[in-house]
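File shown here: start-v1.csv, holding CSV, N, CA and C atoms.
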```csv
chain,number,residue,atom,x,y,z
S,1,MET,N,105.4,129.0,109.8
S,1,MET,CA,105.5,127.6,110.3
S,1,MET,C,106.4,126.9,109.3
S,2,ARG,N,107.5,126.3,109.9
S,2,ARG,CA,108.5,125.6,109.2
S,2,ARG,C,108.1,124.1,109.1
S,3,LEU,N,107.9,123.6,107.9
S,3,LEU,CA,107.5,122.2,107.6
S,3,LEU,C,108.7,121.4,107.3
S,4,PRO,N,108.6,120.1,107.6
S,4,PRO,CA,109.7,119.2,107.3
S,4,PRO,C,109.8,118.9,105.8
S,5,SER,N,111.0,118.6,105.3
S,5,SER,CA,111.2,118.3,103.9
S,5,SER,C,110.8,116.8,103.7
S,6,LEU,N,110.8,116.0,104.7
S,6,LEU,CA,110.5,114.6,104.6
S,6,LEU,C,109.7,114.2,105.8
S,7,SER,N,108.6,113.5,105.7
S,7,SER,CA,107.9,112.9,106.8
S,7,SER,C,107.3,111.6,106.4
S,8,VAL,N,106.7,110.9,107.5
S,8,VAL,CA,106.1,109.6,107.3
S,8,VAL,C,104.7,109.8,107.8
S,9,THR,N,103.7,109.2,107.1
S,9,THR,CA,102.3,109.3,107.6
S,9,THR,C,101.8,108.0,108.2
S,10,ASP,N,100.9,108.2,109.2
S,10,ASP,CA,100.1,107.2,109.8
S,10,ASP,C,98.9,107.0,108.9
S,11,THR,N,98.1,106.0,109.1
S,11,THR,CA,97.0,105.7,108.3
S,11,THR,C,95.9,106.7,108.3
S,12,HIS,N,95.5,107.1,109.5
S,12,HIS,CA,94.3,108.0,109.6
S,12,HIS,C,94.5,109.4,108.9
S,13,PRO,N,95.7,110.0,109.0
S,13,PRO,CA,95.8,111.3,108.3
S,13,PRO,C,95.8,111.1,106.7
S,14,LEU,N,96.3,110.0,106.3
S,14,LEU,CA,96.3,109.7,104.8
S,14,LEU,C,94.8,109.5,104.4
S,15,VAL,N,94.1,108.7,105.2
S,15,VAL,CA,92.7,108.5,104.9
S,15,VAL,C,91.9,109.8,104.8
S,16,TRP,N,92.1,110.6,105.8
S,16,TRP,CA,91.4,111.9,105.9
S,16,TRP,C,91.8,112.8,104.7
S,17,TYR,N,93.0,112.7,104.3
S,17,TYR,CA,93.4,113.6,103.2
S,17,TYR,C,92.8,113.1,101.9
S,18,ILE,N,92.9,111.8,101.6
S,18,ILE,CA,92.5,111.2,100.3
S,18,ILE,C,91.0,111.2,100.2
S,19,THR,N,90.2,111.3,101.4
S,19,THR,CA,88.8,111.3,101.3
S,19,THR,C,88.3,112.8,101.6
S,20,ALA,N,89.2,113.7,101.5
S,20,ALA,CA,88.9,115.2,101.6
S,20,ALA,C,88.2,115.5,102.9
S,21,GLN,N,88.5,114.9,104.0
S,21,GLN,CA,88.0,115.2,105.3
S,21,GLN,C,89.0,116.2,106.0
S,22,PHE,N,89.2,117.3,105.3
S,22,PHE,CA,90.3,118.3,105.7
S,22,PHE,C,90.0,118.9,107.0
S,23,ASN,N,88.8,118.9,107.5
S,23,ASN,CA,88.4,119.5,108.8
S,23,ASN,C,89.0,118.7,109.9
S,24,LYS,N,89.4,117.4,109.6
S,24,LYS,CA,90.0,116.6,110.7
S,24,LYS,C,91.5,116.8,110.8
S,25,LEU,N,92.1,117.5,109.8
S,25,LEU,CA,93.5,117.7,109.7
S,25,LEU,C,93.9,119.1,110.2
S,26,PRO,N,94.9,119.2,111.1
S,26,PRO,CA,95.4,120.6,111.4
S,26,PRO,C,95.9,121.2,110.2
S,27,ARG,N,95.9,122.5,110.1
S,27,ARG,CA,96.3,123.3,109.0
S,27,ARG,C,97.8,122.8,108.5
S,28,LYS,N,98.6,122.7,109.5
S,28,LYS,CA,100.0,122.3,109.2
S,28,LYS,C,100.1,120.9,108.5
S,29,VAL,N,99.3,120.0,109.0
S,29,VAL,CA,99.3,118.6,108.4
S,29,VAL,C,98.8,118.7,106.9
S,30,LYS,N,97.7,119.4,106.7
S,30,LYS,CA,97.1,119.5,105.4
S,30,LYS,C,98.2,120.2,104.5
S,31,GLN,N,98.9,121.2,105.0
S,31,GLN,CA,99.9,121.8,104.2
S,31,GLN,C,101.0,120.9,103.8
S,32,VAL,N,101.4,120.0,104.7
S,32,VAL,CA,102.5,119.0,104.4
S,32,VAL,C,102.0,118.1,103.2
S,33,PHE,N,100.7,117.6,103.3
S,33,PHE,CA,100.2,116.8,102.2
S,33,PHE,C,100.1,117.6,100.9
S,34,ASP,N,99.6,118.8,101.0
S,34,ASP,CA,99.5,119.6,99.8
S,34,ASP,C,100.9,119.9,99.2
S,35,ASP,N,101.9,120.1,100.0
S,35,ASP,CA,103.2,120.4,99.5
S,35,ASP,C,103.8,119.1,98.9
S,36,ALA,N,103.5,118.0,99.4
S,36,ALA,CA,104.0,116.7,98.8
S,36,ALA,C,103.4,116.5,97.5
S,37,VAL,N,102.1,116.7,97.4
S,37,VAL,CA,101.4,116.6,96.1
S,37,VAL,C,102.0,117.5,95.0
S,38,GLU,N,102.4,118.7,95.5
S,38,GLU,CA,103.1,119.6,94.5
S,38,GLU,C,104.6,119.4,94.4
S,39,GLY,N,105.1,118.4,95.1
S,39,GLY,CA,106.6,118.1,95.0
S,39,GLY,C,107.5,119.0,95.8
S,40,LYS,N,106.9,119.8,96.7
S,40,LYS,CA,107.7,120.7,97.5
S,40,LYS,C,108.4,120.0,98.7
S,41,CYS,N,107.9,118.9,99.1
S,41,CYS,CA,108.4,118.1,100.2
S,41,CYS,C,108.1,116.6,99.9
S,42,ALA,N,108.5,115.7,100.7
S,42,ALA,CA,108.2,114.3,100.5
S,42,ALA,C,107.5,113.7,101.7
S,43,ILE,N,106.6,112.7,101.4
S,43,ILE,CA,105.9,111.9,102.4
S,43,ILE,C,106.1,110.5,102.0
S,44,PHE,N,106.6,109.7,103.0
S,44,PHE,CA,106.7,108.3,102.9
S,44,PHE,C,105.4,107.7,103.5
S,45,ILE,N,104.8,106.8,102.7
S,45,ILE,CA,103.7,106.0,103.2
S,45,ILE,C,104.2,104.6,103.5
S,46,PRO,N,104.3,104.2,104.8
S,46,PRO,CA,104.8,102.9,105.1
S,46,PRO,C,104.0,101.8,104.4
S,47,ALA,N,104.6,100.8,103.9
S,47,ALA,CA,103.9,99.7,103.3
S,47,ALA,C,102.8,99.2,104.2
S,48,VAL,N,103.0,99.2,105.5
S,48,VAL,CA,102.0,98.7,106.4
S,48,VAL,C,100.7,99.6,106.4
S,49,VAL,N,101.0,100.9,106.2
S,49,VAL,CA,99.8,101.9,106.1
S,49,VAL,C,99.0,101.6,104.8
S,50,LEU,N,99.7,101.3,103.7
S,50,LEU,CA,99.0,100.9,102.5
S,50,LEU,C,98.2,99.6,102.7
S,51,TRP,N,98.7,98.7,103.4
S,51,TRP,CA,98.0,97.4,103.8
S,51,TRP,C,96.8,97.7,104.6
S,52,GLU,N,97.0,98.6,105.6
S,52,GLU,CA,95.9,99.0,106.5
S,52,GLU,C,94.8,99.7,105.7
S,53,LEU,N,95.2,100.6,104.8
S,53,LEU,CA,94.3,101.3,103.9
S,53,LEU,C,93.5,100.3,103.1
S,54,SER,N,94.2,99.3,102.5
S,54,SER,CA,93.5,98.2,101.8
S,54,SER,C,92.4,97.5,102.6
S,55,LEU,N,92.8,97.2,103.8
S,55,LEU,CA,91.8,96.5,104.7
S,55,LEU,C,90.6,97.4,105.0
S,56,LEU,N,90.8,98.7,105.2
S,56,LEU,CA,89.7,99.7,105.4
S,56,LEU,C,88.8,99.8,104.2
S,57,ILE,N,89.4,99.8,103.0
S,57,ILE,CA,88.6,99.8,101.8
S,57,ILE,C,87.8,98.5,101.6
S,58,LYS,N,88.4,97.4,101.8
S,58,LYS,CA,87.7,96.1,101.7
S,58,LYS,C,86.5,96.0,102.7
S,59,SER,N,86.7,96.6,103.9
S,59,SER,CA,85.6,96.5,104.9
S,59,SER,C,84.5,97.5,104.6
S,60,GLY,N,84.8,98.4,103.7
S,60,GLY,CA,83.8,99.5,103.4
S,60,GLY,C,83.9,100.7,104.3
S,61,THR,N,84.8,100.7,105.2
S,61,THR,CA,85.0,101.8,106.1
S,61,THR,C,85.5,103.1,105.4
S,62,VAL,N,86.4,102.8,104.4
S,62,VAL,CA,86.9,103.9,103.5
S,62,VAL,C,86.4,103.7,102.1
S,63,ARG,N,85.9,104.7,101.5
S,63,ARG,CA,85.3,104.6,100.1
S,63,ARG,C,86.0,105.7,99.3
S,64,PRO,N,87.2,105.4,98.7
S,64,PRO,CA,87.8,106.3,97.8
S,64,PRO,C,87.0,106.4,96.5
S,65,SER,N,87.3,107.5,95.8
S,65,SER,CA,86.5,107.8,94.6
S,65,SER,C,87.1,106.9,93.4
S,66,VAL,N,88.3,106.3,93.6
S,66,VAL,CA,88.8,105.4,92.6
S,66,VAL,C,89.3,104.1,93.3
S,67,SER,N,89.7,103.1,92.6
S,67,SER,CA,90.2,101.9,93.2
S,67,SER,C,91.5,102.1,93.9
S,68,LEU,N,91.9,101.2,94.8
S,68,LEU,CA,93.1,101.3,95.5
S,68,LEU,C,94.3,101.3,94.5
S,69,GLU,N,94.2,100.5,93.5
S,69,GLU,CA,95.2,100.4,92.5
S,69,GLU,C,95.4,101.7,91.8
S,70,GLU,N,94.3,102.3,91.3
S,70,GLU,CA,94.3,103.5,90.6
S,70,GLU,C,94.9,104.6,91.5
S,71,TYR,N,94.5,104.7,92.8
S,71,TYR,CA,95.0,105.7,93.7
S,71,TYR,C,96.5,105.6,93.8
S,72,VAL,N,97.0,104.4,94.0
S,72,VAL,CA,98.4,104.2,94.2
S,72,VAL,C,99.2,104.6,93.0
S,73,GLU,N,98.7,104.2,91.8
S,73,GLU,CA,99.3,104.5,90.5
S,73,GLU,C,99.3,106.0,90.3
S,74,GLU,N,98.2,106.7,90.6
S,74,GLU,CA,98.1,108.1,90.3
S,74,GLU,C,98.7,109.0,91.3
S,75,HIS,N,98.8,108.6,92.6
S,75,HIS,CA,99.2,109.5,93.7
S,75,HIS,C,100.5,109.1,94.4
S,76,PHE,N,100.7,107.9,94.7
S,76,PHE,CA,101.8,107.5,95.5
S,76,PHE,C,103.2,107.7,94.8
S,77,PHE,N,103.2,107.6,93.5
S,77,PHE,CA,104.5,107.7,92.9
S,77,PHE,C,104.6,109.0,92.1
S,78,ALA,N,103.6,109.8,92.2
S,78,ALA,CA,103.7,111.1,91.5
S,78,ALA,C,104.3,112.1,92.5
S,79,LYS,N,105.0,113.0,92.0
S,79,LYS,CA,105.6,114.1,92.8
S,79,LYS,C,106.4,113.4,93.9
S,80,ALA,N,106.0,113.7,95.1
S,80,ALA,CA,106.9,113.3,96.3
S,80,ALA,C,106.2,112.4,97.3
S,81,ILE,N,105.3,111.6,96.9
S,81,ILE,CA,104.6,110.7,97.8
S,81,ILE,C,104.9,109.3,97.3
S,82,SER,N,105.5,108.5,98.2
S,82,SER,CA,105.9,107.1,97.8
S,82,SER,C,105.8,106.2,99.0
S,83,VAL,N,105.7,104.9,98.6
S,83,VAL,CA,105.6,103.8,99.6
S,83,VAL,C,107.0,103.5,100.1
S,84,LEU,N,107.1,103.4,101.5
S,84,LEU,CA,108.3,103.0,102.2
S,84,LEU,C,108.2,101.5,102.5
S,85,ASP,N,109.0,100.7,101.9
S,85,ASP,CA,109.0,99.3,102.1
S,85,ASP,C,109.5,98.9,103.5
S,86,ILE,N,108.9,97.8,104.0
S,86,ILE,CA,109.3,97.3,105.3
S,86,ILE,C,110.7,96.5,105.1
S,87,GLU,N,111.6,96.8,106.0
S,87,GLU,CA,112.9,96.2,106.0
S,87,GLU,C,113.0,95.3,107.3
S,88,THR,N,114.0,94.4,107.3
S,88,THR,CA,114.2,93.6,108.5
S,88,THR,C,114.5,94.5,109.7
S,89,GLU,N,115.2,95.5,109.5
S,89,GLU,CA,115.6,96.5,110.6
S,89,GLU,C,114.3,97.0,111.3
S,90,ASP,N,113.3,97.3,110.5
S,90,ASP,CA,112.0,97.8,111.0
S,90,ASP,C,111.4,96.8,112.0
S,91,ILE,N,111.4,95.5,111.6
S,91,ILE,CA,110.8,94.5,112.4
S,91,ILE,C,111.6,94.3,113.7
S,92,ILE,N,112.9,94.3,113.6
S,92,ILE,CA,113.7,94.2,114.8
S,92,ILE,C,113.5,95.4,115.7
S,93,ARG,N,113.5,96.6,115.2
S,93,ARG,CA,113.3,97.8,116.0
S,93,ARG,C,111.9,97.7,116.6
S,94,SER,N,110.9,97.4,115.8
S,94,SER,CA,109.5,97.4,116.4
S,94,SER,C,109.4,96.3,117.5
S,95,HIS,N,110.1,95.3,117.4
S,95,HIS,CA,110.1,94.2,118.5
S,95,HIS,C,110.5,94.9,119.8
S,96,GLY,N,111.4,95.8,119.8
S,96,GLY,CA,111.9,96.5,121.0
S,96,GLY,C,111.1,97.6,121.5
S,97,LEU,N,110.1,98.1,120.7
S,97,LEU,CA,109.3,99.2,121.1
S,97,LEU,C,108.1,98.7,121.9
S,98,GLY,N,107.9,99.3,123.1
S,98,GLY,CA,106.9,98.8,123.9
S,98,GLY,C,105.8,99.8,124.2
S,99,PHE,N,105.7,100.8,123.4
S,99,PHE,CA,104.7,101.9,123.7
S,99,PHE,C,103.3,101.6,123.4
S,100,SER,N,103.0,100.5,122.6
S,100,SER,CA,101.7,100.2,122.1
S,100,SER,C,101.5,98.7,121.9
S,101,ARG,N,100.3,98.2,121.9
S,101,ARG,CA,100.0,96.8,121.6
S,101,ARG,C,99.5,96.7,120.1
S,102,ASP,N,99.4,97.8,119.5
S,102,ASP,CA,98.9,97.9,118.1
S,102,ASP,C,100.1,97.6,117.2
S,103,PRO,N,100.2,96.4,116.5
S,103,PRO,CA,101.4,96.1,115.7
S,103,PRO,C,101.6,97.1,114.5
S,104,PHE,N,100.5,97.6,114.0
S,104,PHE,CA,100.6,98.6,112.9
S,104,PHE,C,101.3,99.8,113.4
S,105,ASP,N,100.9,100.4,114.5
S,105,ASP,CA,101.5,101.6,115.0
S,105,ASP,C,102.9,101.4,115.4
S,106,VAL,N,103.2,100.3,116.0
S,106,VAL,CA,104.6,100.0,116.4
S,106,VAL,C,105.5,99.9,115.1
S,107,LEU,N,105.1,99.3,114.1
S,107,LEU,CA,105.9,99.1,112.9
S,107,LEU,C,106.0,100.5,112.2
S,108,ILE,N,104.9,101.3,112.1
S,108,ILE,CA,105.0,102.6,111.5
S,108,ILE,C,106.0,103.5,112.2
S,109,VAL,N,106.0,103.5,113.5
S,109,VAL,CA,107.0,104.3,114.3
S,109,VAL,C,108.4,103.8,114.0
S,110,ALA,N,108.6,102.4,114.0
S,110,ALA,CA,109.9,101.9,113.7
S,110,ALA,C,110.4,102.4,112.3
S,111,MET,N,109.5,102.4,111.3
S,111,MET,CA,109.9,102.9,110.0
S,111,MET,C,110.2,104.4,110.0
S,112,ALA,N,109.4,105.2,110.7
S,112,ALA,CA,109.8,106.6,110.8
S,112,ALA,C,111.1,106.8,111.5
S,113,LEU,N,111.4,106.0,112.5
S,113,LEU,CA,112.7,106.1,113.2
S,113,LEU,C,113.9,105.7,112.2
S,114,ARG,N,113.6,104.7,111.4
S,114,ARG,CA,114.7,104.3,110.4
S,114,ARG,C,115.0,105.4,109.4
S,115,VAL,N,114.0,106.1,108.9
S,115,VAL,CA,114.3,107.1,108.0
S,115,VAL,C,114.5,108.5,108.6
S,116,ASP,N,114.5,108.5,110.0
S,116,ASP,CA,114.8,109.7,110.8
S,116,ASP,C,113.9,110.9,110.3
S,117,SER,N,112.6,110.6,110.3
S,117,SER,CA,111.7,111.6,109.9
S,117,SER,C,110.5,111.7,110.8
S,118,PRO,N,109.9,112.8,111.0
S,118,PRO,CA,108.7,112.9,111.8
S,118,PRO,C,107.5,112.2,111.3
S,119,LEU,N,106.7,111.7,112.2
S,119,LEU,CA,105.5,110.9,111.9
S,119,LEU,C,104.3,111.8,112.0
S,120,ILE,N,103.5,111.8,110.9
S,120,ILE,CA,102.2,112.6,110.9
S,120,ILE,C,101.2,111.6,111.6
S,121,THR,N,100.7,112.0,112.8
S,121,THR,CA,99.7,111.2,113.4
S,121,THR,C,99.0,112.0,114.5
S,122,ALA,N,97.7,111.6,114.8
S,122,ALA,CA,97.0,112.1,115.9
S,122,ALA,C,96.8,111.1,117.0
S,123,ASP,N,97.4,109.9,116.8
S,123,ASP,CA,97.2,108.8,117.7
S,123,ASP,C,97.6,109.2,119.1
S,124,ALA,N,96.7,109.1,120.0
S,124,ALA,CA,96.9,109.6,121.4
S,124,ALA,C,98.0,108.8,122.1
S,125,ILE,N,98.1,107.5,121.9
S,125,ILE,CA,99.1,106.7,122.6
S,125,ILE,C,100.5,107.1,122.1
S,126,ILE,N,100.6,107.3,120.8
S,126,ILE,CA,101.9,107.8,120.2
S,126,ILE,C,102.2,109.1,120.8
S,127,HIS,N,101.3,110.0,120.8
S,127,HIS,CA,101.5,111.4,121.3
S,127,HIS,C,101.9,111.4,122.8
S,128,ASP,N,101.3,110.5,123.6
S,128,ASP,CA,101.6,110.4,125.0
S,128,ASP,C,103.0,109.8,125.2
S,129,LYS,N,103.4,108.8,124.5
S,129,LYS,CA,104.7,108.1,124.7
S,129,LYS,C,105.8,108.8,123.9
S,130,LYS,N,105.5,109.5,122.8
S,130,LYS,CA,106.5,110.2,122.0
S,130,LYS,C,107.7,109.3,121.7
S,131,PRO,N,107.5,108.2,121.0
S,131,PRO,CA,108.6,107.3,120.6
S,131,PRO,C,109.4,107.8,119.4
S,132,CYS,N,108.9,108.9,118.8
S,132,CYS,CA,109.6,109.5,117.7
S,132,CYS,C,109.1,110.9,117.6
S,133,GLU,N,109.7,111.7,116.7
S,133,GLU,CA,109.3,113.1,116.4
S,133,GLU,C,107.9,113.0,115.7
S,134,LEU,N,107.1,114.0,116.1
S,134,LEU,CA,105.7,114.0,115.6
S,134,LEU,C,105.3,115.3,114.9
S,135,ILE,N,104.4,115.2,114.0
S,135,ILE,CA,103.7,116.3,113.4
S,135,ILE,C,102.2,116.2,113.6
S,136,TRP,N,101.7,117.2,114.2
S,136,TRP,CA,100.2,117.2,114.3
S,136,TRP,C,99.7,118.6,114.6
S,137,ASP,N,99.9,119.1,115.8
S,137,ASP,CA,99.3,120.3,116.3
S,137,ASP,C,100.0,121.5,115.6
```
Let me see whether you can do it: turn the structure in this file into structure tokens.
Amino acid sequence: MRLPSLSVTDTHPLVWYITAQFNKLPRKVKQVFDDAVEGKCAIFIPAVVLWELSLLIKSGTVRPSVSLEEYVEEHFFAKAISVLDIETEDIIRSHGLGFSRDPFDVLIVAMALRVDSPLITADAIIHDKKPCELIWD
């Protein structure tokens, strides 16, 4: 199985990976995350995913073993996992994307398109509409 050298992640795969819910991740997706942790490939975490993760932690839906700040400091900038900042181009592109009413998903796809990288997601709407290259199955 050939894995990409650079990918972008949606929120739920990141949550499942950081909370060790590996049974929810296809083997290929877990391997991409493992490889990024080891510096063998890179994963961009869109800033909007970090924001959504923050909201999930605040609501108690996600309970990481360390604080959000510690997790970001220890993992997002180590090896090859880093935050992808939102640019004006992403907002303009997302405005033109009509595949979903979820503003998070639309912006995440716009950011994956900007960096020309596949998106790690199980989102059914995104898989149905295929607005960008995807990694899952």
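Considering only C-alpha atoms, the residue among S:Ala110, S:Ile18, S:Ile120, S:Val29 positioned nearest to Val48 of chain S is S:Ala110.
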Would you tabulate, counting all atoms listed in the file, all residues of segment 3-72 of chain S that have an atom at most 8 Å from an atom of segment 112-115 of chain S, showing the closest pair of atoms and their distance in Å to one decimal, sorted by chain then ascending number, as a Markdown table?
```
| residue | atom | partner | partner_atom | distance |
| --- | --- | --- | --- | --- |
| S:Leu6 | C | S:Val115 | C | 8.0 |
| S:Ser7 | C | S:Ala112 | CA | 7.1 |
| S:Val8 | CA | S:Ala112 | CA | 5.9 |
| S:Thr9 | N | S:Ala112 | CA | 7.6 |
| S:Pro46 | CA | S:Ala112 | N | 7.6 |
```
What are the DSSP helix (DSSP H, G or I) residues of segment 18-136 of chain S, as a count of residues only? 64
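Once all atoms listed in the file are considered, the residues situated within 7 Å of the file point (91.5, 104.0, 105.1) turn out to be Thr11, His12, Leu14, Val15, Trp16, Glu52, Leu53, Ser54, Leu55, Leu56, Ile57, Thr61, Val62 and Arg63 of chain S.
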N, CA and C atoms of the current selection, written as an mmCIF file, in the frame of the given file:
```cif
data_model
loop_
_atom_site.group_PDB
_atom_site.id
_atom_site.type_symbol
_atom_site.label_atom_id
_atom_site.label_comp_id
_atom_site.auth_asym_id
_atom_site.auth_seq_id
_atom_site.Cartn_x
_atom_site.Cartn_y
_atom_site.Cartn_z
ATOM 1 N N THR S 11 98.100 106.000 109.100
ATOM 2 C CA THR S 11 97.000 105.700 108.300
ATOM 3 C C THR S 11 95.900 106.700 108.300
ATOM 4 N N HIS S 12 95.500 107.100 109.500
ATOM 5 C CA HIS S 12 94.300 108.000 109.600
ATOM 6 C C HIS S 12 94.500 109.400 108.900
ATOM 7 N N LEU S 14 96.300 110.000 106.300
ATOM 8 C CA LEU S 14 96.300 109.700 104.800
ATOM 9 C C LEU S 14 94.800 109.500 104.400
ATOM 10 N N VAL S 15 94.100 108.700 105.200
ATOM 11 C CA VAL S 15 92.700 108.500 104.900
ATOM 12 C C VAL S 15 91.900 109.800 104.800
ATOM 13 N N TRP S 16 92.100 110.600 105.800
ATOM 14 C CA TRP S 16 91.400 111.900 105.900
ATOM 15 C C TRP S 16 91.800 112.800 104.700
ATOM 16 N N GLU S 52 97.000 98.600 105.600
ATOM 17 C CA GLU S 52 95.900 99.000 106.500
ATOM 18 C C GLU S 52 94.800 99.700 105.700
ATOM 19 N N LEU S 53 95.200 100.600 104.800
ATOM 20 C CA LEU S 53 94.300 101.300 103.900
ATOM 21 C C LEU S 53 93.500 100.300 103.100
ATOM 22 N N SER S 54 94.200 99.300 102.500
ATOM 23 C CA SER S 54 93.500 98.200 101.800
ATOM 24 C C SER S 54 92.400 97.500 102.600
ATOM 25 N N LEU S 55 92.800 97.200 103.800
ATOM 26 C CA LEU S 55 91.800 96.500 104.700
ATOM 27 C C LEU S 55 90.600 97.400 105.000
ATOM 28 N N LEU S 56 90.800 98.700 105.200
ATOM 29 C CA LEU S 56 89.700 99.700 105.400
ATOM 30 C C LEU S 56 88.800 99.800 104.200
ATOM 31 N N ILE S 57 89.400 99.800 103.000
ATOM 32 C CA ILE S 57 88.600 99.800 101.800
ATOM 33 C C ILE S 57 87.800 98.500 101.600
ATOM 34 N N THR S 61 84.800 100.700 105.200
ATOM 35 C CA THR S 61 85.000 101.800 106.100
ATOM 36 C C THR S 61 85.500 103.100 105.400
ATOM 37 N N VAL S 62 86.400 102.800 104.400
ATOM 38 C CA VAL S 62 86.900 103.900 103.500
ATOM 39 C C VAL S 62 86.400 103.700 102.100
ATOM 40 N N ARG S 63 85.900 104.700 101.500
ATOM 41 C CA ARG S 63 85.300 104.600 100.100
ATOM 42 C C ARG S 63 86.000 105.700 99.300
#
```
Between atom CA of Leu97 of chain S and atom CA of Ile43 of chain S, what is the spacing in Å? 22.9 Å
